[in-house]
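Read the structure below first, then the notes.
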Amino acid sequence: ADARERVRSRLSAWLDGQVGAVLGALGRLEAAQLDGAARGIAFQLVEALGAVPRRALAPQLAALAPAGRARLRRLGVRFGEVTVFVPATLKPRAVALKCLLWSVHRGIPNAPPPPPGLVSVAVDERLGEPYYAAAGFCVCGGRAVRVDMIEKLAEAARIRARAGPFPSDHELLSLAGCGREEFAAVM
């Protein structure tokens with residue numbers, strides 16, 4: 001029994017080290033000394049593996065003091081128009097680990113991460129929206145778009161909309177990572 005416990009303890013320490021090396025930004029966020037709304041936002045970001053829809057954080061964001069917002073920014077949090085997220089968790093190794101952790105937690109085998117380098121992928125209905133959220137993607141129509149690209153797309157669309165209705169162009173399609181036929185659903 002003692003040998004089994006030592007192996008379990010060593011394995012747990014190794015796994016903690018691996019997760020910490022890849023998802024260290026979430027560990028720093030979890031360990032940070034934060035108060036009030038900033039603490040609540042940090043907790044939700046850690047629980048969600050680094051990305052939470054802004055609308056889900058609306059009460060905490062309304063109560064967030066400027067000092068708390070600044071502290072979260074120093075810890076690597078980005079406050080977007082659509083999503084509040086930790087950009088470090090969008091790197092390929094982090095996404096792969098998050099997808100693995102999500103799969104193990106949910107008991108769903110073979111949930112491979114979205115291919116590295118792609119800003120959007122076709123949604124696999126078997127996995128569902130929670131899988132893509134854990135990976136750092138936002139489901140828009142039949143596509144899952146990486147949250148940082150959703151923010152860039154929202155900004156580009158907002159700028160174009162100031163002049164009135166606008167057609168999709170190469171820049172917008174590139175930001176969404178899809179063709180014209182899928183772009184309307186993403187928007």
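Scheme for the structure tokens: letters A, B, ... for chains in order shown; per-chain residue numbers from 1; ligand numbers from 1 in order shown.
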How would you write, as a compact mmCIF listing (two decimals) with all heavy atoms, in the first residue's frame, the set of residues in range 24-104 of chain A that DSSP gives as helix (DSSP H, G or I)?
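Below is the file states-v4.txt, written as the result:
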# COMPACT_ATOMS: atom_id res chain seq x y z
N GLY A 24 0.66 27.55 -17.16
CA GLY A 24 1.14 28.36 -16.05
C GLY A 24 0.38 29.65 -15.87
O GLY A 24 0.20 30.13 -14.74
N ALA A 25 -0.12 30.23 -16.95
CA ALA A 25 -0.87 31.49 -16.85
C ALA A 25 -2.12 31.29 -15.99
O ALA A 25 -2.49 32.18 -15.21
CB ALA A 25 -1.25 31.99 -18.24
N LEU A 26 -2.76 30.14 -16.11
CA LEU A 26 -3.94 29.88 -15.29
C LEU A 26 -3.55 29.64 -13.84
O LEU A 26 -4.27 30.06 -12.93
CB LEU A 26 -4.73 28.68 -15.83
CG LEU A 26 -5.38 28.88 -17.19
CD1 LEU A 26 -6.14 27.62 -17.62
CD2 LEU A 26 -6.29 30.09 -17.20
N GLY A 27 -2.41 29.00 -13.62
CA GLY A 27 -1.93 28.78 -12.26
C GLY A 27 -1.61 30.10 -11.57
O GLY A 27 -1.94 30.29 -10.39
N ARG A 28 -0.99 31.03 -12.29
CA ARG A 28 -0.68 32.34 -11.72
C ARG A 28 -1.96 33.11 -11.42
O ARG A 28 -2.06 33.80 -10.40
CB ARG A 28 0.21 33.13 -12.67
CG ARG A 28 1.65 32.62 -12.71
CD ARG A 28 2.56 33.50 -13.53
NE ARG A 28 2.23 33.52 -14.94
CZ ARG A 28 2.57 32.57 -15.80
NH1 ARG A 28 3.25 31.51 -15.40
NH2 ARG A 28 2.24 32.66 -17.08
N LEU A 29 -2.94 32.97 -12.29
CA LEU A 29 -4.22 33.63 -12.08
C LEU A 29 -4.92 33.06 -10.85
O LEU A 29 -5.47 33.81 -10.03
CB LEU A 29 -5.09 33.43 -13.33
CG LEU A 29 -6.29 34.32 -13.54
CD1 LEU A 29 -5.92 35.78 -13.51
CD2 LEU A 29 -6.95 33.98 -14.87
N GLU A 30 -4.87 31.75 -10.70
CA GLU A 30 -5.49 31.09 -9.56
C GLU A 30 -4.82 31.47 -8.24
O GLU A 30 -5.48 31.65 -7.22
CB GLU A 30 -5.44 29.57 -9.75
CG GLU A 30 -6.16 28.78 -8.69
CD GLU A 30 -6.18 27.30 -9.01
OE1 GLU A 30 -5.18 26.78 -9.53
OE2 GLU A 30 -7.21 26.68 -8.71
N ALA A 31 -3.50 31.61 -8.26
CA ALA A 31 -2.73 31.89 -7.04
C ALA A 31 -2.68 33.38 -6.69
O ALA A 31 -2.29 33.73 -5.58
CB ALA A 31 -1.31 31.37 -7.20
N GLY A 36 -12.75 40.70 -4.46
CA GLY A 36 -14.04 41.00 -5.05
C GLY A 36 -14.24 40.47 -6.45
O GLY A 36 -14.03 39.29 -6.73
N ALA A 37 -14.67 41.37 -7.32
CA ALA A 37 -15.01 41.00 -8.69
C ALA A 37 -13.81 40.42 -9.43
O ALA A 37 -13.96 39.48 -10.22
CB ALA A 37 -15.57 42.20 -9.44
N ALA A 38 -12.62 40.94 -9.20
CA ALA A 38 -11.42 40.43 -9.87
C ALA A 38 -11.19 38.97 -9.50
O ALA A 38 -10.85 38.14 -10.35
CB ALA A 38 -10.20 41.27 -9.51
N ARG A 39 -11.41 38.65 -8.25
CA ARG A 39 -11.25 37.26 -7.80
C ARG A 39 -12.28 36.35 -8.47
O ARG A 39 -11.98 35.24 -8.89
CB ARG A 39 -11.38 37.20 -6.28
CG ARG A 39 -11.16 35.83 -5.70
CD ARG A 39 -11.33 35.88 -4.19
NE ARG A 39 -11.27 34.57 -3.63
CZ ARG A 39 -10.26 34.10 -2.91
NH1 ARG A 39 -9.23 34.88 -2.65
NH2 ARG A 39 -10.28 32.89 -2.43
N GLY A 40 -13.52 36.83 -8.58
CA GLY A 40 -14.58 36.06 -9.24
C GLY A 40 -14.28 35.82 -10.71
O GLY A 40 -14.49 34.71 -11.23
N ILE A 41 -13.78 36.84 -11.39
CA ILE A 41 -13.43 36.71 -12.81
C ILE A 41 -12.29 35.72 -12.97
O ILE A 41 -12.33 34.84 -13.84
CB ILE A 41 -13.09 38.08 -13.41
CG1 ILE A 41 -14.35 38.94 -13.48
CG2 ILE A 41 -12.44 37.94 -14.79
CD1 ILE A 41 -14.11 40.40 -13.78
N ALA A 42 -11.27 35.84 -12.13
CA ALA A 42 -10.13 34.92 -12.19
C ALA A 42 -10.59 33.48 -11.97
O ALA A 42 -10.18 32.57 -12.69
CB ALA A 42 -9.08 35.31 -11.16
N PHE A 43 -11.45 33.28 -10.98
CA PHE A 43 -11.96 31.93 -10.69
C PHE A 43 -12.67 31.35 -11.91
O PHE A 43 -12.43 30.20 -12.30
CB PHE A 43 -12.92 31.98 -9.50
CG PHE A 43 -13.57 30.65 -9.21
CD1 PHE A 43 -12.89 29.67 -8.51
CD2 PHE A 43 -14.86 30.38 -9.65
CE1 PHE A 43 -13.47 28.44 -8.25
CE2 PHE A 43 -15.46 29.16 -9.40
CZ PHE A 43 -14.77 28.19 -8.70
N GLN A 44 -13.55 32.14 -12.52
CA GLN A 44 -14.29 31.64 -13.69
C GLN A 44 -13.37 31.36 -14.86
O GLN A 44 -13.56 30.38 -15.60
CB GLN A 44 -15.39 32.61 -14.07
CG GLN A 44 -16.53 32.60 -13.06
CD GLN A 44 -17.74 33.35 -13.56
OE1 GLN A 44 -18.16 33.17 -14.70
NE2 GLN A 44 -18.30 34.19 -12.71
N LEU A 45 -12.35 32.19 -15.07
CA LEU A 45 -11.40 31.94 -16.15
C LEU A 45 -10.63 30.64 -15.92
O LEU A 45 -10.43 29.87 -16.85
CB LEU A 45 -10.43 33.12 -16.29
CG LEU A 45 -11.00 34.35 -16.99
CD1 LEU A 45 -10.08 35.54 -16.80
CD2 LEU A 45 -11.21 34.06 -18.47
N VAL A 46 -10.21 30.39 -14.70
CA VAL A 46 -9.47 29.16 -14.40
C VAL A 46 -10.39 27.96 -14.59
O VAL A 46 -9.99 26.97 -15.23
CB VAL A 46 -8.89 29.20 -12.97
CG1 VAL A 46 -8.34 27.84 -12.56
CG2 VAL A 46 -7.79 30.26 -12.88
N GLU A 47 -11.60 28.03 -14.08
CA GLU A 47 -12.55 26.92 -14.22
C GLU A 47 -12.87 26.61 -15.67
O GLU A 47 -13.07 25.47 -16.04
CB GLU A 47 -13.85 27.23 -13.46
CG GLU A 47 -13.70 27.17 -11.97
CD GLU A 47 -13.42 25.77 -11.46
OE1 GLU A 47 -14.20 24.85 -11.78
OE2 GLU A 47 -12.42 25.60 -10.74
N ARG A 54 -18.09 37.17 -22.46
CA ARG A 54 -18.21 38.42 -21.69
C ARG A 54 -19.58 38.55 -21.02
O ARG A 54 -19.68 38.99 -19.89
CB ARG A 54 -17.93 39.61 -22.61
CG ARG A 54 -17.85 40.92 -21.87
CD ARG A 54 -17.52 42.07 -22.81
NE ARG A 54 -17.47 43.30 -22.07
CZ ARG A 54 -16.36 43.86 -21.60
NH1 ARG A 54 -15.20 43.29 -21.81
NH2 ARG A 54 -16.41 44.98 -20.93
N ARG A 55 -20.62 38.12 -21.73
CA ARG A 55 -21.97 38.24 -21.16
C ARG A 55 -22.11 37.42 -19.88
O ARG A 55 -22.88 37.80 -19.00
CB ARG A 55 -23.02 37.87 -22.20
CG ARG A 55 -23.05 36.41 -22.56
CD ARG A 55 -24.07 36.10 -23.66
NE ARG A 55 -24.02 34.71 -24.03
CZ ARG A 55 -23.11 34.15 -24.82
NH1 ARG A 55 -22.16 34.89 -25.35
NH2 ARG A 55 -23.13 32.86 -25.10
N ALA A 56 -21.38 36.31 -19.76
CA ALA A 56 -21.45 35.49 -18.56
C ALA A 56 -20.77 36.17 -17.37
O ALA A 56 -21.03 35.81 -16.22
CB ALA A 56 -20.81 34.13 -18.81
N LEU A 57 -19.90 37.12 -17.65
CA LEU A 57 -19.19 37.84 -16.60
C LEU A 57 -19.74 39.25 -16.35
O LEU A 57 -19.15 40.02 -15.61
CB LEU A 57 -17.70 37.96 -16.96
CG LEU A 57 -16.91 36.67 -17.04
CD1 LEU A 57 -15.51 36.94 -17.56
CD2 LEU A 57 -16.86 36.00 -15.68
N ALA A 58 -20.87 39.56 -16.95
CA ALA A 58 -21.41 40.93 -16.89
C ALA A 58 -21.52 41.47 -15.47
O ALA A 58 -21.07 42.61 -15.22
CB ALA A 58 -22.76 41.00 -17.61
N PRO A 59 -22.06 40.74 -14.49
CA PRO A 59 -22.16 41.31 -13.14
C PRO A 59 -20.78 41.61 -12.53
O PRO A 59 -20.59 42.65 -11.91
CB PRO A 59 -22.88 40.23 -12.33
CG PRO A 59 -23.57 39.37 -13.34
CD PRO A 59 -22.73 39.43 -14.57
N GLN A 60 -19.83 40.70 -12.71
CA GLN A 60 -18.49 40.92 -12.16
C GLN A 60 -17.79 42.07 -12.88
O GLN A 60 -17.08 42.85 -12.24
CB GLN A 60 -17.62 39.64 -12.26
CG GLN A 60 -18.07 38.53 -11.36
CD GLN A 60 -19.05 37.59 -12.06
OE1 GLN A 60 -19.64 37.91 -13.07
NE2 GLN A 60 -19.23 36.43 -11.48
N LEU A 61 -17.95 42.16 -14.20
CA LEU A 61 -17.32 43.25 -14.94
C LEU A 61 -17.88 44.60 -14.53
O LEU A 61 -17.15 45.58 -14.44
CB LEU A 61 -17.47 43.03 -16.45
CG LEU A 61 -16.66 41.87 -17.01
CD1 LEU A 61 -17.08 41.58 -18.45
CD2 LEU A 61 -15.17 42.16 -16.94
N ALA A 62 -19.19 44.66 -14.25
CA ALA A 62 -19.80 45.92 -13.81
C ALA A 62 -19.26 46.33 -12.45
O ALA A 62 -19.13 47.53 -12.17
CB ALA A 62 -21.32 45.77 -13.75
N ALA A 63 -18.92 45.36 -11.61
CA ALA A 63 -18.43 45.65 -10.27
C ALA A 63 -16.91 45.75 -10.20
O ALA A 63 -16.36 46.08 -9.15
CB ALA A 63 -18.90 44.56 -9.30
N PRO A 66 -11.16 49.70 -11.31
CA PRO A 66 -10.04 49.89 -12.22
C PRO A 66 -8.76 49.20 -11.75
O PRO A 66 -8.02 48.63 -12.57
CB PRO A 66 -9.86 51.41 -12.27
CG PRO A 66 -11.22 51.95 -11.96
CD PRO A 66 -11.80 50.98 -10.96
N ALA A 67 -8.49 49.19 -10.47
CA ALA A 67 -7.28 48.53 -9.96
C ALA A 67 -7.35 47.02 -10.18
O ALA A 67 -6.35 46.38 -10.53
CB ALA A 67 -7.08 48.83 -8.47
N GLY A 68 -8.53 46.44 -10.01
CA GLY A 68 -8.71 45.01 -10.25
C GLY A 68 -8.54 44.66 -11.72
O GLY A 68 -7.92 43.66 -12.07
N ARG A 69 -9.08 45.51 -12.59
CA ARG A 69 -8.93 45.30 -14.04
C ARG A 69 -7.45 45.38 -14.42
O ARG A 69 -6.95 44.54 -15.17
CB ARG A 69 -9.73 46.35 -14.81
CG ARG A 69 -9.67 46.18 -16.32
CD ARG A 69 -10.51 47.24 -17.02
NE ARG A 69 -11.92 47.10 -16.76
CZ ARG A 69 -12.76 46.42 -17.54
NH1 ARG A 69 -12.32 45.84 -18.63
NH2 ARG A 69 -14.04 46.34 -17.24
N ALA A 70 -6.74 46.36 -13.88
CA ALA A 70 -5.31 46.50 -14.18
C ALA A 70 -4.53 45.29 -13.69
O ALA A 70 -3.63 44.78 -14.38
CB ALA A 70 -4.76 47.78 -13.56
N ARG A 71 -4.86 44.81 -12.52
CA ARG A 71 -4.17 43.63 -11.96
C ARG A 71 -4.42 42.40 -12.82
O ARG A 71 -3.49 41.64 -13.10
CB ARG A 71 -4.66 43.39 -10.52
CG ARG A 71 -4.09 42.18 -9.86
CD ARG A 71 -2.71 42.46 -9.27
NE ARG A 71 -2.31 41.33 -8.47
CZ ARG A 71 -1.29 40.54 -8.76
NH1 ARG A 71 -0.54 40.81 -9.80
NH2 ARG A 71 -1.00 39.52 -8.00
N LEU A 72 -5.66 42.21 -13.27
CA LEU A 72 -5.97 41.07 -14.14
C LEU A 72 -5.23 41.19 -15.48
O LEU A 72 -4.72 40.20 -15.99
CB LEU A 72 -7.48 40.96 -14.36
CG LEU A 72 -8.28 40.45 -13.17
CD1 LEU A 72 -9.77 40.61 -13.41
CD2 LEU A 72 -7.93 39.01 -12.85
N ARG A 73 -5.14 42.40 -16.01
CA ARG A 73 -4.40 42.60 -17.26
C ARG A 73 -2.93 42.23 -17.08
O ARG A 73 -2.32 41.60 -17.95
CB ARG A 73 -4.52 44.04 -17.73
CG ARG A 73 -5.80 44.32 -18.44
CD ARG A 73 -5.73 45.65 -19.19
NE ARG A 73 -6.96 45.84 -19.93
CZ ARG A 73 -7.77 46.87 -19.78
NH1 ARG A 73 -7.47 47.83 -18.93
NH2 ARG A 73 -8.87 46.96 -20.48
N ARG A 74 -2.34 42.62 -15.94
CA ARG A 74 -0.94 42.26 -15.67
C ARG A 74 -0.77 40.75 -15.54
O ARG A 74 0.31 40.22 -15.80
CB ARG A 74 -0.43 42.96 -14.42
CG ARG A 74 -0.12 44.44 -14.64
CD ARG A 74 0.64 45.06 -13.48
NE ARG A 74 -0.04 44.95 -12.20
CZ ARG A 74 -0.94 45.80 -11.73
NH1 ARG A 74 -1.31 46.85 -12.45
NH2 ARG A 74 -1.49 45.61 -10.54
N PRO A 87 -4.76 34.99 -23.40
CA PRO A 87 -4.15 34.63 -24.67
C PRO A 87 -3.12 33.49 -24.59
O PRO A 87 -3.01 32.70 -25.54
CB PRO A 87 -3.49 35.94 -25.14
CG PRO A 87 -4.32 37.00 -24.50
CD PRO A 87 -4.71 36.44 -23.16
N ALA A 88 -2.42 33.38 -23.48
CA ALA A 88 -1.41 32.30 -23.36
C ALA A 88 -2.04 30.92 -23.46
O ALA A 88 -1.35 29.96 -23.81
CB ALA A 88 -0.65 32.45 -22.04
N THR A 89 -3.34 30.81 -23.19
CA THR A 89 -3.99 29.50 -23.24
C THR A 89 -4.45 29.13 -24.65
O THR A 89 -5.05 28.08 -24.85
CB THR A 89 -5.21 29.44 -22.30
OG1 THR A 89 -6.21 30.36 -22.75
CG2 THR A 89 -4.81 29.73 -20.86
N LEU A 90 -4.14 29.98 -25.63
CA LEU A 90 -4.53 29.71 -27.02
C LEU A 90 -3.38 29.14 -27.84
O LEU A 90 -3.56 28.84 -29.02
CB LEU A 90 -5.05 31.00 -27.67
CG LEU A 90 -6.26 31.64 -27.00
CD1 LEU A 90 -6.63 32.93 -27.71
CD2 LEU A 90 -7.42 30.68 -26.94
N PRO A 92 -0.76 26.34 -29.24
CA PRO A 92 -1.07 24.95 -29.59
C PRO A 92 -0.88 23.93 -28.47
O PRO A 92 -1.75 23.07 -28.26
CB PRO A 92 -0.12 24.66 -30.76
CG PRO A 92 0.08 26.00 -31.39
CD PRO A 92 0.08 26.98 -30.24
N ARG A 93 0.22 24.00 -27.71
CA ARG A 93 0.42 23.04 -26.62
C ARG A 93 -0.64 23.20 -25.54
O ARG A 93 -1.13 22.22 -24.99
CB ARG A 93 1.81 23.20 -25.99
CG ARG A 93 2.92 22.59 -26.82
CD ARG A 93 4.27 22.68 -26.13
NE ARG A 93 4.27 21.92 -24.89
CZ ARG A 93 5.00 22.22 -23.83
NH1 ARG A 93 5.80 23.26 -23.84
NH2 ARG A 93 4.94 21.49 -22.74
N ALA A 94 -1.00 24.44 -25.25
CA ALA A 94 -2.03 24.69 -24.23
C ALA A 94 -3.38 24.18 -24.71
O ALA A 94 -4.11 23.54 -23.94
CB ALA A 94 -2.09 26.18 -23.90
N VAL A 95 -3.72 24.43 -25.96
CA VAL A 95 -5.01 23.96 -26.50
C VAL A 95 -5.05 22.43 -26.48
O VAL A 95 -6.06 21.84 -26.08
CB VAL A 95 -5.24 24.51 -27.92
CG1 VAL A 95 -6.45 23.84 -28.58
CG2 VAL A 95 -5.42 26.02 -27.89
N ALA A 96 -3.97 21.79 -26.88
CA ALA A 96 -3.93 20.32 -26.88
C ALA A 96 -4.14 19.78 -25.46
O ALA A 96 -4.91 18.83 -25.26
CB ALA A 96 -2.62 19.83 -27.46
N LEU A 97 -3.47 20.37 -24.48
CA LEU A 97 -3.61 19.91 -23.11
C LEU A 97 -5.02 20.18 -22.58
O LEU A 97 -5.63 19.33 -21.92
CB LEU A 97 -2.56 20.55 -22.20
CG LEU A 97 -2.63 20.14 -20.73
CD1 LEU A 97 -2.50 18.63 -20.56
CD2 LEU A 97 -1.54 20.86 -19.93
N LYS A 98 -5.56 21.35 -22.87
CA LYS A 98 -6.91 21.67 -22.42
C LYS A 98 -7.92 20.68 -23.00
O LYS A 98 -8.83 20.24 -22.30
CB LYS A 98 -7.29 23.11 -22.78
CG LYS A 98 -6.48 24.14 -22.02
CD LYS A 98 -6.96 25.56 -22.23
CE LYS A 98 -7.28 25.94 -23.63
NZ LYS A 98 -7.85 27.31 -23.73
N CYS A 99 -7.77 20.34 -24.27
CA CYS A 99 -8.68 19.38 -24.90
C CYS A 99 -8.55 18.00 -24.26
O CYS A 99 -9.55 17.32 -24.03
CB CYS A 99 -8.44 19.30 -26.40
SG CYS A 99 -8.97 20.79 -27.27
N LEU A 100 -7.33 17.61 -23.95
CA LEU A 100 -7.10 16.33 -23.27
C LEU A 100 -7.74 16.34 -21.88
O LEU A 100 -8.46 15.40 -21.51
CB LEU A 100 -5.61 16.03 -23.16
CG LEU A 100 -5.24 14.77 -22.39
CD1 LEU A 100 -5.80 13.53 -23.07
CD2 LEU A 100 -3.72 14.68 -22.24
N LEU A 101 -7.51 17.39 -21.12
CA LEU A 101 -8.10 17.49 -19.78
C LEU A 101 -9.63 17.49 -19.85
O LEU A 101 -10.30 16.83 -19.06
CB LEU A 101 -7.60 18.75 -19.06
CG LEU A 101 -6.13 18.78 -18.69
CD1 LEU A 101 -5.74 20.17 -18.18
CD2 LEU A 101 -5.79 17.71 -17.68
N TRP A 102 -10.18 18.21 -20.80
CA TRP A 102 -11.62 18.25 -20.97
C TRP A 102 -12.16 16.87 -21.31
O TRP A 102 -13.16 16.43 -20.74
CB TRP A 102 -11.99 19.26 -22.07
CG TRP A 102 -13.47 19.43 -22.23
CD1 TRP A 102 -14.27 20.31 -21.58
CD2 TRP A 102 -14.33 18.69 -23.09
NE1 TRP A 102 -15.57 20.17 -21.98
CE2 TRP A 102 -15.64 19.18 -22.91
CE3 TRP A 102 -14.13 17.66 -24.00
CZ2 TRP A 102 -16.73 18.68 -23.61
CZ3 TRP A 102 -15.22 17.16 -24.70
CH2 TRP A 102 -16.50 17.66 -24.49
N SER A 103 -11.48 16.18 -22.22
CA SER A 103 -11.91 14.84 -22.63
C SER A 103 -11.89 13.86 -21.46
O SER A 103 -12.83 13.09 -21.27
CB SER A 103 -11.01 14.30 -23.74
OG SER A 103 -11.13 15.07 -24.89
N VAL A 104 -10.82 13.90 -20.69
CA VAL A 104 -10.71 13.00 -19.54
C VAL A 104 -11.79 13.33 -18.51
O VAL A 104 -12.47 12.44 -17.98
CB VAL A 104 -9.30 13.08 -18.91
CG1 VAL A 104 -9.24 12.37 -17.57
CG2 VAL A 104 -8.27 12.50 -19.87
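Nearest-residue note for Ala133 in chain A: choosing from A:Asn110, A:Ser168, A:Thr83, A:Ser174, the minimum distance belongs to A:Thr83, counting only C-alpha atoms.
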Rank nothing, just name the residue among A:Tyr131, A:Gly177, A:Ala156, A:His105 nearest to Gly117 in chain A, using only C-alpha atoms.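 Counting only C-alpha atoms, the residue closest to Gly117 in chain A is A:Gly177.
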Report as a PyMOL selection string: the residues of range 3-142 of chain A with a DSSP assignment of strand (DSSP E or B), based on the backbone of this structure. chain A and resi 51-53+78-79+83-85+120-122+137-140
Could those residues be written to a file, using all heavy atoms, as an mmCIF file, in the first residue's frame?
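Output file selection-v7.cif is given in full below:
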data_model
loop_
_atom_site.group_PDB
_atom_site.id
_atom_site.type_symbol
_atom_site.label_atom_id
_atom_site.label_comp_id
_atom_site.auth_asym_id
_atom_site.auth_seq_id
_atom_site.Cartn_x
_atom_site.Cartn_y
_atom_site.Cartn_z
ATOM 1 N N ALA A 51 -11.091 30.994 -21.053
ATOM 2 C CA ALA A 51 -11.943 31.864 -21.870
ATOM 3 C C ALA A 51 -13.387 31.769 -21.394
ATOM 4 O O ALA A 51 -13.913 30.673 -21.225
ATOM 5 C CB ALA A 51 -11.853 31.485 -23.345
ATOM 6 N N VAL A 52 -14.009 32.943 -21.179
ATOM 7 C CA VAL A 52 -15.394 33.002 -20.728
ATOM 8 C C VAL A 52 -16.110 34.060 -21.566
ATOM 9 O O VAL A 52 -15.582 35.165 -21.754
ATOM 10 C CB VAL A 52 -15.483 33.381 -19.223
ATOM 11 C CG1 VAL A 52 -16.926 33.490 -18.771
ATOM 12 C CG2 VAL A 52 -14.724 32.387 -18.371
ATOM 13 N N PRO A 53 -17.316 33.752 -22.062
ATOM 14 C CA PRO A 53 -18.072 34.785 -22.785
ATOM 15 C C PRO A 53 -18.277 36.008 -21.894
ATOM 16 O O PRO A 53 -18.594 35.884 -20.711
ATOM 17 C CB PRO A 53 -19.408 34.101 -23.095
ATOM 18 C CG PRO A 53 -19.119 32.638 -23.037
ATOM 19 C CD PRO A 53 -18.037 32.488 -21.998
ATOM 20 N N ARG A 78 -7.210 39.284 -21.086
ATOM 21 C CA ARG A 78 -7.626 40.244 -22.113
ATOM 22 C C ARG A 78 -9.134 40.403 -22.042
ATOM 23 O O ARG A 78 -9.870 39.419 -22.028
ATOM 24 C CB ARG A 78 -7.223 39.757 -23.501
ATOM 25 C CG ARG A 78 -7.777 40.637 -24.587
ATOM 26 C CD ARG A 78 -6.781 40.951 -25.662
ATOM 27 N NE ARG A 78 -7.322 41.951 -26.541
ATOM 28 C CZ ARG A 78 -7.995 41.687 -27.660
ATOM 29 N NH1 ARG A 78 -8.182 40.448 -28.038
ATOM 30 N NH2 ARG A 78 -8.460 42.671 -28.403
ATOM 31 N N PHE A 79 -9.573 41.651 -21.972
ATOM 32 C CA PHE A 79 -10.993 41.965 -21.909
ATOM 33 C C PHE A 79 -11.476 42.333 -23.303
ATOM 34 O O PHE A 79 -11.292 43.462 -23.747
ATOM 35 C CB PHE A 79 -11.244 43.135 -20.943
ATOM 36 C CG PHE A 79 -10.899 42.799 -19.527
ATOM 37 C CD1 PHE A 79 -9.620 43.032 -19.030
ATOM 38 C CD2 PHE A 79 -11.844 42.235 -18.692
ATOM 39 C CE1 PHE A 79 -9.296 42.715 -17.728
ATOM 40 C CE2 PHE A 79 -11.531 41.915 -17.374
ATOM 41 C CZ PHE A 79 -10.253 42.145 -16.895
ATOM 42 N N THR A 83 -15.455 38.117 -25.580
ATOM 43 C CA THR A 83 -14.897 37.136 -24.654
ATOM 44 C C THR A 83 -13.855 37.778 -23.753
ATOM 45 O O THR A 83 -13.118 38.660 -24.172
ATOM 46 C CB THR A 83 -14.215 35.992 -25.445
ATOM 47 O OG1 THR A 83 -15.113 35.491 -26.423
ATOM 48 C CG2 THR A 83 -13.804 34.863 -24.545
ATOM 49 N N VAL A 84 -13.782 37.302 -22.520
ATOM 50 C CA VAL A 84 -12.681 37.632 -21.617
ATOM 51 C C VAL A 84 -11.823 36.375 -21.616
ATOM 52 O O VAL A 84 -12.331 35.271 -21.386
ATOM 53 C CB VAL A 84 -13.189 37.967 -20.201
ATOM 54 C CG1 VAL A 84 -12.021 38.219 -19.254
ATOM 55 C CG2 VAL A 84 -14.115 39.185 -20.252
ATOM 56 N N PHE A 85 -10.524 36.537 -21.938
ATOM 57 C CA PHE A 85 -9.695 35.355 -22.117
ATOM 58 C C PHE A 85 -8.242 35.598 -21.748
ATOM 59 O O PHE A 85 -7.815 36.742 -21.572
ATOM 60 C CB PHE A 85 -9.805 34.825 -23.551
ATOM 61 C CG PHE A 85 -9.273 35.763 -24.610
ATOM 62 C CD1 PHE A 85 -8.018 35.570 -25.161
ATOM 63 C CD2 PHE A 85 -10.042 36.820 -25.068
ATOM 64 C CE1 PHE A 85 -7.538 36.419 -26.144
ATOM 65 C CE2 PHE A 85 -9.563 37.676 -26.055
ATOM 66 C CZ PHE A 85 -8.300 37.470 -26.590
ATOM 67 N N SER A 120 -10.178 28.839 -37.380
ATOM 68 C CA SER A 120 -11.531 28.318 -37.234
ATOM 69 C C SER A 120 -11.589 26.913 -37.811
ATOM 70 O O SER A 120 -10.769 26.535 -38.647
ATOM 71 C CB SER A 120 -12.568 29.231 -37.904
ATOM 72 O OG SER A 120 -12.578 29.080 -39.300
ATOM 73 N N VAL A 121 -12.558 26.159 -37.317
ATOM 74 C CA VAL A 121 -12.769 24.788 -37.786
ATOM 75 C C VAL A 121 -14.263 24.528 -37.888
ATOM 76 O O VAL A 121 -15.069 25.203 -37.227
ATOM 77 C CB VAL A 121 -12.131 23.748 -36.830
ATOM 78 C CG1 VAL A 121 -10.622 23.859 -36.811
ATOM 79 C CG2 VAL A 121 -12.688 23.873 -35.420
ATOM 80 N N ALA A 122 -14.628 23.558 -38.706
ATOM 81 C CA ALA A 122 -16.025 23.136 -38.773
ATOM 82 C C ALA A 122 -16.383 22.484 -37.441
ATOM 83 O O ALA A 122 -15.578 21.751 -36.860
ATOM 84 C CB ALA A 122 -16.233 22.162 -39.923
ATOM 85 N N PHE A 137 -12.283 28.372 -28.335
ATOM 86 C CA PHE A 137 -12.987 28.701 -29.569
ATOM 87 C C PHE A 137 -14.428 29.072 -29.241
ATOM 88 O O PHE A 137 -14.995 28.591 -28.268
ATOM 89 C CB PHE A 137 -12.982 27.506 -30.528
ATOM 90 C CG PHE A 137 -11.664 27.285 -31.228
ATOM 91 C CD1 PHE A 137 -10.531 26.912 -30.516
ATOM 92 C CD2 PHE A 137 -11.552 27.444 -32.603
ATOM 93 C CE1 PHE A 137 -9.320 26.702 -31.151
ATOM 94 C CE2 PHE A 137 -10.349 27.230 -33.248
ATOM 95 C CZ PHE A 137 -9.222 26.870 -32.523
ATOM 96 N N CYS A 138 -15.010 29.916 -30.063
ATOM 97 C CA CYS A 138 -16.396 30.351 -29.913
ATOM 98 C C CYS A 138 -17.187 29.769 -31.083
ATOM 99 O O CYS A 138 -16.800 29.951 -32.241
ATOM 100 C CB CYS A 138 -16.440 31.874 -29.935
ATOM 101 S SG CYS A 138 -18.068 32.555 -29.712
ATOM 102 N N VAL A 139 -18.270 29.066 -30.796
ATOM 103 C CA VAL A 139 -19.086 28.478 -31.854
ATOM 104 C C VAL A 139 -19.967 29.565 -32.453
ATOM 105 O O VAL A 139 -20.712 30.241 -31.748
ATOM 106 C CB VAL A 139 -19.928 27.298 -31.323
ATOM 107 C CG1 VAL A 139 -20.878 26.792 -32.397
ATOM 108 C CG2 VAL A 139 -19.010 26.175 -30.852
ATOM 109 N N CYS A 140 -19.827 29.739 -33.764
ATOM 110 C CA CYS A 140 -20.589 30.736 -34.519
ATOM 111 C C CYS A 140 -21.158 30.022 -35.746
ATOM 112 O O CYS A 140 -20.418 29.748 -36.692
ATOM 113 C CB CYS A 140 -19.694 31.878 -34.982
ATOM 114 S SG CYS A 140 -18.792 32.714 -33.678
#
